[in-house]
Structure formats: structure tokens, C-alpha cells
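One file, entry23.csv, is given below (CSV, C-alpha atoms and all ligand atoms).
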```
chain,number,residue,atom,x,y,z
A,1,MET,CA,0.0,0.0,0.0
A,2,THR,CA,1.3,3.4,-0.9
A,3,MET,CA,0.6,6.2,1.5
A,4,ASN,CA,1.2,9.8,0.7
A,5,THR,CA,3.3,11.3,3.4
A,6,PHE,CA,1.7,13.7,5.8
A,7,PRO,CA,3.5,17.1,5.5
A,8,ASP,CA,6.7,17.2,7.5
A,9,ARG,CA,6.2,20.8,8.5
A,10,LEU,CA,2.9,19.8,10.2
A,11,LEU,CA,4.3,16.8,12.0
A,12,ALA,CA,7.3,18.8,13.2
A,13,GLY,CA,5.0,21.6,14.4
A,14,TYR,CA,2.9,19.1,16.2
A,15,SER,CA,5.9,17.6,17.9
A,16,GLN,CA,7.0,21.1,19.1
A,17,PHE,CA,3.4,21.8,20.3
A,18,MET,CA,3.4,18.7,22.4
A,19,SER,CA,6.7,19.3,24.0
A,20,GLY,CA,6.0,23.0,24.4
A,21,ARG,CA,2.6,24.6,24.7
A,22,TYR,CA,0.6,21.5,25.3
A,23,GLY,CA,2.9,20.6,28.2
A,24,GLU,CA,2.4,24.0,29.7
A,25,GLU,CA,-1.3,24.0,29.2
A,26,SER,CA,-2.2,20.4,29.6
A,27,ASP,CA,-4.3,21.1,32.7
A,28,ARG,CA,-6.3,23.6,30.8
A,29,TYR,CA,-6.9,21.2,27.9
A,30,ARG,CA,-8.0,18.5,30.3
A,31,GLU,CA,-10.4,20.8,32.1
A,32,LEU,CA,-11.8,21.9,28.8
A,33,ALA,CA,-12.3,18.3,27.7
A,34,ASP,CA,-14.1,17.5,30.9
A,35,ARG,CA,-16.2,20.6,31.3
A,36,GLY,CA,-16.7,21.5,27.6
A,37,GLN,CA,-15.9,24.8,26.0
A,38,LYS,CA,-17.3,28.1,27.2
A,39,PRO,CA,-15.7,30.7,24.9
A,40,LYS,CA,-17.0,34.3,25.5
A,41,THR,CA,-16.2,35.5,22.0
A,42,LEU,CA,-17.1,34.5,18.4
A,43,ILE,CA,-14.7,35.8,15.8
A,44,VAL,CA,-15.6,35.9,12.1
A,45,ALA,CA,-12.2,36.1,10.3
A,46,CYS,CA,-10.8,35.5,6.8
A,47,CYS,CA,-9.2,32.2,5.7
A,48,ASP,CA,-6.1,34.2,4.9
A,49,SER,CA,-3.0,32.5,6.4
A,50,ARG,CA,-1.6,35.8,7.6
A,51,ALA,CA,-4.6,36.8,9.8
A,52,ALA,CA,-5.2,34.0,12.3
A,53,PRO,CA,-7.3,35.4,15.2
A,54,GLU,CA,-5.7,33.1,17.9
A,55,THR,CA,-2.3,34.5,17.0
A,56,ILE,CA,-3.3,38.1,16.8
A,57,PHE,CA,-5.2,38.1,20.1
A,58,ASN,CA,-2.7,35.7,21.8
A,59,ALA,CA,-5.6,33.4,22.7
A,60,GLY,CA,-5.3,30.1,24.5
A,61,PRO,CA,-7.4,26.9,24.1
A,62,GLY,CA,-11.1,27.5,24.8
A,63,GLU,CA,-11.0,31.2,24.5
A,64,LEU,CA,-12.2,32.0,21.0
A,65,PHE,CA,-14.9,30.4,18.9
A,66,VAL,CA,-13.7,31.1,15.4
A,67,VAL,CA,-15.4,30.9,12.0
A,68,ARG,CA,-13.2,31.7,9.0
A,69,ASN,CA,-14.3,32.1,5.5
A,70,VAL,CA,-13.2,34.0,2.4
A,71,ALA,CA,-13.1,37.7,3.3
A,72,ASN,CA,-14.8,37.2,6.7
A,73,LEU,CA,-18.3,37.8,5.4
A,74,VAL,CA,-21.5,37.2,7.3
A,75,PRO,CA,-24.4,36.5,4.9
A,76,PRO,CA,-27.9,37.7,5.7
A,77,TYR,CA,-30.3,35.4,7.6
A,78,ALA,CA,-31.7,33.0,5.0
A,79,PRO,CA,-33.5,29.9,6.3
A,80,ASP,CA,-33.8,28.5,2.8
A,81,GLY,CA,-32.5,24.9,3.2
A,82,SER,CA,-29.1,25.7,1.5
A,83,PHE,CA,-25.8,24.9,3.1
A,84,HIS,CA,-24.9,27.9,5.3
A,85,SER,CA,-21.7,27.1,7.1
A,86,THR,CA,-21.1,30.5,8.6
A,87,SER,CA,-24.8,30.8,9.7
A,88,ALA,CA,-24.4,27.3,11.4
A,89,ALA,CA,-21.4,28.4,13.3
A,90,LEU,CA,-23.1,31.7,14.3
A,91,GLU,CA,-26.2,29.8,15.4
A,92,PHE,CA,-24.2,27.5,17.6
A,93,ALA,CA,-22.0,30.2,19.1
A,94,VAL,CA,-25.0,32.4,20.0
A,95,GLN,CA,-27.7,29.9,20.9
A,96,SER,CA,-25.7,27.1,22.6
A,97,LEU,CA,-22.4,28.7,23.7
A,98,ARG,CA,-24.1,32.0,24.5
A,99,VAL,CA,-21.0,34.1,23.6
A,100,ARG,CA,-21.0,37.6,25.0
A,101,ASP,CA,-19.3,39.3,22.0
A,102,ILE,CA,-19.1,38.8,18.3
A,103,VAL,CA,-16.1,40.3,16.4
A,104,VAL,CA,-16.0,40.6,12.6
A,105,MET,CA,-12.3,41.1,11.7
A,106,GLY,CA,-11.2,42.2,8.3
A,107,HIS,CA,-7.6,42.5,7.2
A,108,GLY,CA,-5.4,44.4,4.8
A,109,ARG,CA,-4.5,43.0,1.3
A,110,CYS,CA,-7.5,40.6,1.4
A,111,GLY,CA,-7.7,38.5,-1.8
A,112,GLY,CA,-11.5,38.1,-1.5
A,113,ILE,CA,-12.0,41.9,-1.3
A,114,SER,CA,-9.7,42.3,-4.2
A,115,ALA,CA,-11.8,39.9,-6.2
A,116,ALA,CA,-14.9,41.8,-5.3
A,117,LEU,CA,-13.3,45.0,-6.6
A,118,ASN,CA,-12.4,43.2,-9.9
A,119,PRO,CA,-15.6,41.3,-10.7
A,120,GLY,CA,-14.7,41.0,-14.4
A,121,ALA,CA,-11.8,38.6,-13.7
A,122,THR,CA,-12.1,35.1,-15.1
A,123,PRO,CA,-13.5,32.7,-12.4
A,124,LEU,CA,-11.0,30.3,-10.9
A,125,SER,CA,-13.3,27.3,-11.7
A,126,PRO,CA,-16.6,26.7,-13.5
A,127,GLY,CA,-18.3,26.9,-10.1
A,128,ASP,CA,-17.1,30.4,-9.5
A,129,PHE,CA,-17.7,30.0,-5.8
A,130,ILE,CA,-15.6,33.0,-4.9
A,131,GLY,CA,-17.5,35.2,-7.4
A,132,GLN,CA,-20.9,34.0,-6.0
A,133,TRP,CA,-19.7,34.4,-2.4
A,134,MET,CA,-18.3,37.9,-2.9
A,135,SER,CA,-21.5,39.0,-4.6
A,136,LEU,CA,-22.7,39.3,-1.0
A,137,LEU,CA,-20.9,42.7,-1.2
A,138,ASP,CA,-22.9,43.9,-4.2
A,139,PRO,CA,-25.3,45.9,-2.1
A,140,VAL,CA,-22.5,48.0,-0.6
A,141,LYS,CA,-20.1,48.2,-3.4
A,142,SER,CA,-21.9,51.4,-4.6
A,143,GLU,CA,-20.4,53.1,-1.6
A,144,MET,CA,-17.1,52.6,-3.3
A,145,GLN,CA,-18.0,54.2,-6.6
A,146,SER,CA,-18.0,57.8,-5.4
A,147,GLY,CA,-14.8,58.5,-7.3
A,148,ALA,CA,-13.3,60.1,-4.3
A,149,LEU,CA,-11.1,57.1,-3.7
A,150,ALA,CA,-9.0,57.0,-6.9
A,151,ASP,CA,-6.1,55.0,-5.5
A,152,GLY,CA,-6.5,51.2,-5.7
A,153,GLN,CA,-5.0,50.6,-2.3
A,154,GLU,CA,-7.4,53.1,-0.7
A,155,ARG,CA,-10.3,51.5,-2.5
A,156,GLN,CA,-9.2,48.1,-1.2
A,157,THR,CA,-8.9,49.3,2.4
A,158,ALA,CA,-12.2,51.2,2.2
A,159,LEU,CA,-14.1,48.1,1.0
A,160,GLU,CA,-12.4,45.9,3.6
A,161,ARG,CA,-13.9,48.2,6.2
A,162,VAL,CA,-17.2,48.8,4.5
A,163,SER,CA,-17.5,45.0,4.3
A,164,VAL,CA,-17.0,44.6,8.1
A,165,ARG,CA,-19.8,47.1,8.7
A,166,ASN,CA,-22.0,45.3,6.2
A,167,SER,CA,-21.4,41.9,8.0
A,168,ILE,CA,-22.4,43.5,11.2
A,169,THR,CA,-25.6,44.8,9.6
A,170,ASN,CA,-26.2,41.2,8.3
A,171,LEU,CA,-25.6,39.8,11.8
A,172,ARG,CA,-28.6,41.8,13.0
A,173,THR,CA,-30.8,40.1,10.4
A,174,PHE,CA,-30.5,36.9,12.6
A,175,PRO,CA,-33.4,37.0,15.1
A,176,CYS,CA,-31.3,35.5,17.9
A,177,VAL,CA,-28.6,38.1,17.5
A,178,ARG,CA,-31.0,41.0,17.3
A,179,ILE,CA,-33.0,39.9,20.4
A,180,LEU,CA,-29.9,39.2,22.5
A,181,GLU,CA,-28.2,42.5,21.5
A,182,LYS,CA,-31.4,44.4,22.4
A,183,ARG,CA,-31.4,42.7,25.8
A,184,GLY,CA,-27.8,43.8,26.4
A,185,LYS,CA,-26.6,40.2,26.4
A,186,LEU,CA,-24.6,40.4,23.2
A,187,ASP,CA,-22.3,43.0,21.7
A,188,LEU,CA,-21.2,43.3,18.1
A,189,HIS,CA,-17.8,44.7,17.1
A,190,GLY,CA,-15.7,45.3,14.0
A,191,ALA,CA,-12.0,45.2,13.7
A,192,TRP,CA,-9.4,45.4,10.9
A,193,PHE,CA,-5.8,44.0,11.1
A,194,ASP,CA,-3.0,45.4,9.0
A,195,ILE,CA,-0.8,42.4,8.2
A,196,SER,CA,2.2,44.5,7.1
A,197,THR,CA,2.4,46.7,10.2
A,198,GLY,CA,0.6,44.6,12.8
A,199,GLU,CA,-1.8,47.5,13.5
A,200,LEU,CA,-5.2,46.6,14.9
A,201,TRP,CA,-8.0,49.0,14.1
A,202,VAL,CA,-11.3,48.8,16.0
A,203,MET,CA,-14.6,50.0,14.7
A,204,ASP,CA,-16.3,52.7,16.7
A,205,ALA,CA,-19.8,51.4,17.4
A,206,GLY,CA,-21.4,54.8,17.0
A,207,SER,CA,-19.8,56.2,13.9
A,208,GLY,CA,-18.7,53.0,12.2
A,209,GLU,CA,-15.2,54.6,11.7
A,210,PHE,CA,-12.1,52.6,12.4
A,211,VAL,CA,-9.6,53.9,15.0
A,212,ARG,CA,-6.4,52.5,16.6
A,213,PRO,CA,-6.7,51.8,20.3
A,214,GLU,CA,-4.4,54.2,22.3
A,215,GLN,CA,-1.6,52.8,24.4
A,216,LYS,CA,-3.3,53.8,27.6
A,217,GLN,CA,-6.4,51.8,26.5
A,218,LEU,CA,-4.2,48.7,25.8
A,219,ASP,CA,-2.6,49.1,29.3
A,220,GLN,CA,-6.0,49.4,30.9
A,221,SER,CA,-7.2,46.3,29.1
A,222,LEU,CA,-4.1,44.4,30.3
A,223,ALA,CA,-4.8,45.5,33.9
A,224,ASN,CA,-8.5,44.6,33.7
A,225,THR,CA,-7.8,41.2,32.2
A,226,ALA,CA,-5.2,40.4,34.8
A,227,ARG,CA,-7.6,41.4,37.6
A,228,ALA,CA,-10.4,39.3,36.1
A,229,GLU,CA,-8.1,36.2,35.8
A,230,ALA,CA,-7.0,36.7,39.4
A,231,GLU,CA,-10.6,36.8,40.5
A,232,GLU,CA,-11.4,33.7,38.6
A,233,ASP,CA,-8.5,31.8,40.2
A,234,ALA,CA,-9.5,33.0,43.7
B,1,ZN,ZN,-8.9,37.9,3.4
```
Rewrite the structure of this file - the entire thing - as C-alpha cells.
Amino acid sequence: MTMNTFPDRLLAGYSQFMSGRYGEESDRYRELADRGQKPKTLIVACCDSRAAPETIFNAGPGELFVVRNVANLVPPYAPDGSFHSTSAALEFAVQSLRVRDIVVMGHGRCGGISAALNPGATPLSPGDFIGQWMSLLDPVKSEMQSGALADGQERQTALERVSVRNSITNLRTFPCVRILEKRGKLDLHGAWFDISTGELWVMDAGSGEFVRPEQKQLDQSLANTARAEAEEDA
């Protein structure tokens, strides 16, 4: 019997994981296995290999419930019997896990967004799954045709952020999201990660504009998190 070989890089990485991080966090893994997961945050992120939420937010096992798809899109609520993988993940995170926050995180140089800006390109396969998926942005692409954004890079960044806002709008078409948000039990957030500089931009809930958190806000978050973890351990 011929077997194709499992990629060396993955086996090597697994070996390093077992002798490193798993060893340090084995108690946590065991506890999570016994008690089940209880992540507080759902993150909708892109498949892009450079924008992994667990890495960017330095998250440990059990902390983030992550759904990744091309260009981190949330489709509108559509109970039509089709195969809705993102909606299934959303349903589970909100209704079963009862996450407290949902974050839609876009990123710079997103290939999916680039495809949406160049809809005339030849599909990668007869199915044109990317073209069909990215047509979710058709309703908001008109926001990009103002002419004010001549530069291709600016248009790309602008659509990456418009798209995050659009996904948050679509999140609110899901009855469970809308109801829990109204009751103050669920908060929706937008973020955008610049893969070339490592900058994180966070969407202002009121204006929809993206701003970089100030250092004092990051320091405050570190202090708050350390305090909450100490209280949990006590
Ligand atoms: Zn992307």
C-alpha cells in the first residue's frame, strides 16, 4: 500500500506543540475536555493564512470560537435549506455557547475583497464559488464608486472596512442576534488588522469609523484582564 506522506512541517510543528505549549497548558486542555468549551467571543475572520485570530489576540485553548471564510463575510439570515456554514457556526455560538461578544475582523490585502473589486476577472473554476460568495458585497459596493477614492490601495482598504460594517448589519438580520443585542446580552464589534504593520484598528460602534486603540487603553485592558483572571483563580 502506498501512502502519501503527511506534511513534514505539520508533524514537526505538532511535535513542538506537544513538547512546548501542550505541556504548559495540559491542565487547561484536560479541564476543557471534561467541562466543555465556554468561549466568550465569536470571531468571524478571513481564511487568509496571515490573519489568524488566535495568534493576533494571543488566545489560548477554549477562548475564541472562530469561523473563518473567504473575506470574513456574514451572509444575511436566509432559512432556505441551503448549506450555510457561517450561519451554522453563528447559530451554535449564539444559541448554545451564549457568547458575549461577536467580532468581525477584516484585514489588509484581502484577496477576497480584491476579487470583489475586480468582478470581471475570469472565475478560478466553473463553479465560480468566490464570485458568488463575494456578490454578498454587491449591495454595498456602490459606496465605493464615489470617485473620491482614486487610489487602488485606498479603495481596497475602504471596501475591507465597508464589508465589516455590512457583515455587522447582516448579523442583525438573525433574530437570535437582534434579540440578545437588544437585551444587552450580546455586543457586536468590528476590527481590521494590517498584516504589514501589525496594527489593529477597531470599529467605533457609533460612527462606524475605524480607530487605533491608544496605548493607555491597551494598558488598561491588560490590567482589567489580569484582575479578572486573578478573581477567577481565587
Ligand atoms: Zn482575506
**OP:** Name the residues, by chain letter and number, that sit within 6 Å of ligand ZN 1 (chain B) using all atoms listed in the file, and give them as a list of chain:residue names.
**Re:**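 So the residues close to ligand ZN 1 (chain B) are A:Cys46, A:Asp48, A:Val70, A:Ala71, A:Cys110, A:Gly111, A:Gly112.
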**OP:** List the residues sitting within 12 Å of (-28.5, 43.8, 12.6) in the file's frame, using all atoms listed in the file, as a list of chain:residue names.
**Re:**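 Final list of nearby residues, as requested, is A:Val74, A:Pro75, A:Pro76, A:Tyr77, A:Arg165, A:Asn166, A:Ser167, A:Ile168, A:Thr169, A:Asn170, A:Leu171, A:Arg172, A:Thr173, A:Phe174, A:Pro175, A:Cys176, A:Val177, A:Arg178, A:Ile179, A:Leu180, A:Glu181, A:Lys182, A:Leu186, A:Asp187, A:Leu188, A:His189.
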Subject >> Residue nearest Ser114 of chain A among A:Lys38, A:Lys185, A:Lys141, A:His84 (counting all atoms listed in the file) >> reply: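 Ranking A:Lys38, A:Lys185, A:Lys141, A:His84 by distance to Ser114 of chain A, first place goes to A:Lys141.
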Original post:
Which neighbours of Val211 of chain A fall inside 9 Å, counting all atoms listed in the file, when residues of the same chain fewer than 5 positions from it are skipped, and could you give them as a list in words?
Top reply: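 Skipping anything fewer than 5 positions along the chain leaves Leu200, Trp201, Val202, Met203 and Asp204 of chain A.
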Would you save the residues of that selection, restricted to C-alpha atoms, as a PDB file, keeping the file's coordinate frame?
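Just written: again02.pdb:
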```pdb
ATOM      1  CA  LEU A 200      -5.200  46.600  14.900  1.00  0.00           C
ATOM      2  CA  TRP A 201      -8.000  49.000  14.100  1.00  0.00           C
ATOM      3  CA  VAL A 202     -11.300  48.800  16.000  1.00  0.00           C
ATOM      4  CA  MET A 203     -14.600  50.000  14.700  1.00  0.00           C
ATOM      5  CA  ASP A 204     -16.300  52.700  16.700  1.00  0.00           C
TER       6      ASP A 204
END
```
**OP:** Can you work out which one of A:Thr5, A:Gly106, A:Arg161, A:Arg100 has the shortest atom-to-atom distance to Ala52 of chain A, counting all atoms listed in the file?
**Re:**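 Comparing A:Thr5, A:Gly106, A:Arg161, A:Arg100 against Ala52 of chain A, the winner is A:Gly106.
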Could segment 16-39 of chain A be completed with N, CA and C atoms and returned as a tab-separated table (two decimals), keeping the file's coordinate frame?
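Dumped everything to selection13.tsv:
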```tsv
chain	number	residue	atom	x	y	z
A	16	GLN	N	6.58	19.94	18.26
A	16	GLN	CA	7.00	21.10	19.10
A	16	GLN	C	5.82	21.56	19.98
A	17	PHE	N	4.60	21.46	19.46
A	17	PHE	CA	3.40	21.80	20.30
A	17	PHE	C	3.31	20.92	21.50
A	18	MET	N	3.50	19.60	21.28
A	18	MET	CA	3.40	18.70	22.40
A	18	MET	C	4.45	18.86	23.45
A	19	SER	N	5.68	19.16	23.00
A	19	SER	CA	6.70	19.30	24.00
A	19	SER	C	6.75	20.75	24.57
A	20	GLY	N	6.05	21.66	23.94
A	20	GLY	CA	6.00	23.00	24.40
A	20	GLY	C	4.69	23.42	25.01
A	21	ARG	N	3.86	24.02	24.18
A	21	ARG	CA	2.60	24.60	24.70
A	21	ARG	C	1.65	23.62	25.31
A	22	TYR	N	1.55	22.43	24.73
A	22	TYR	CA	0.60	21.50	25.30
A	22	TYR	C	1.06	21.08	26.72
A	23	GLY	N	2.36	20.92	26.87
A	23	GLY	CA	2.90	20.60	28.20
A	23	GLY	C	2.54	21.66	29.21
A	24	GLU	N	2.70	22.91	28.79
A	24	GLU	CA	2.40	24.00	29.70
A	24	GLU	C	0.93	24.16	30.01
A	25	GLU	N	0.09	23.79	29.04
A	25	GLU	CA	-1.30	24.00	29.20
A	25	GLU	C	-2.16	22.75	29.29
A	26	SER	N	-1.50	21.65	29.65
A	26	SER	CA	-2.20	20.40	29.60
A	26	SER	C	-3.38	20.35	30.62
A	27	ASP	N	-3.22	21.01	31.77
A	27	ASP	CA	-4.30	21.10	32.70
A	27	ASP	C	-5.53	21.75	32.15
A	28	ARG	N	-5.24	22.84	31.46
A	28	ARG	CA	-6.30	23.60	30.80
A	28	ARG	C	-7.02	22.79	29.76
A	29	TYR	N	-6.25	22.07	28.94
A	29	TYR	CA	-6.90	21.20	27.90
A	29	TYR	C	-7.73	20.14	28.56
A	30	ARG	N	-7.22	19.53	29.64
A	30	ARG	CA	-8.00	18.50	30.30
A	30	ARG	C	-9.28	19.00	30.89
A	31	GLU	N	-9.18	20.16	31.52
A	31	GLU	CA	-10.40	20.80	32.10
A	31	GLU	C	-11.40	21.11	31.02
A	32	LEU	N	-10.91	21.61	29.90
A	32	LEU	CA	-11.80	21.90	28.80
A	32	LEU	C	-12.47	20.69	28.21
A	33	ALA	N	-11.70	19.60	28.21
A	33	ALA	CA	-12.30	18.30	27.70
A	33	ALA	C	-13.36	17.84	28.65
A	34	ASP	N	-13.12	17.96	29.95
A	34	ASP	CA	-14.10	17.50	30.90
A	34	ASP	C	-15.34	18.36	31.00
A	35	ARG	N	-15.12	19.67	31.07
A	35	ARG	CA	-16.20	20.60	31.30
A	35	ARG	C	-16.86	21.12	30.02
A	36	GLY	N	-16.20	20.97	28.90
A	36	GLY	CA	-16.70	21.50	27.60
A	36	GLY	C	-16.21	22.95	27.46
A	37	GLN	N	-16.37	23.45	26.26
A	37	GLN	CA	-15.90	24.80	26.00
A	37	GLN	C	-16.90	25.85	26.42
A	38	LYS	N	-16.40	26.99	26.81
A	38	LYS	CA	-17.30	28.10	27.20
A	38	LYS	C	-16.63	29.43	26.70
A	39	PRO	N	-16.31	29.51	25.41
A	39	PRO	CA	-15.70	30.70	24.90
A	39	PRO	C	-16.63	31.92	25.02
```
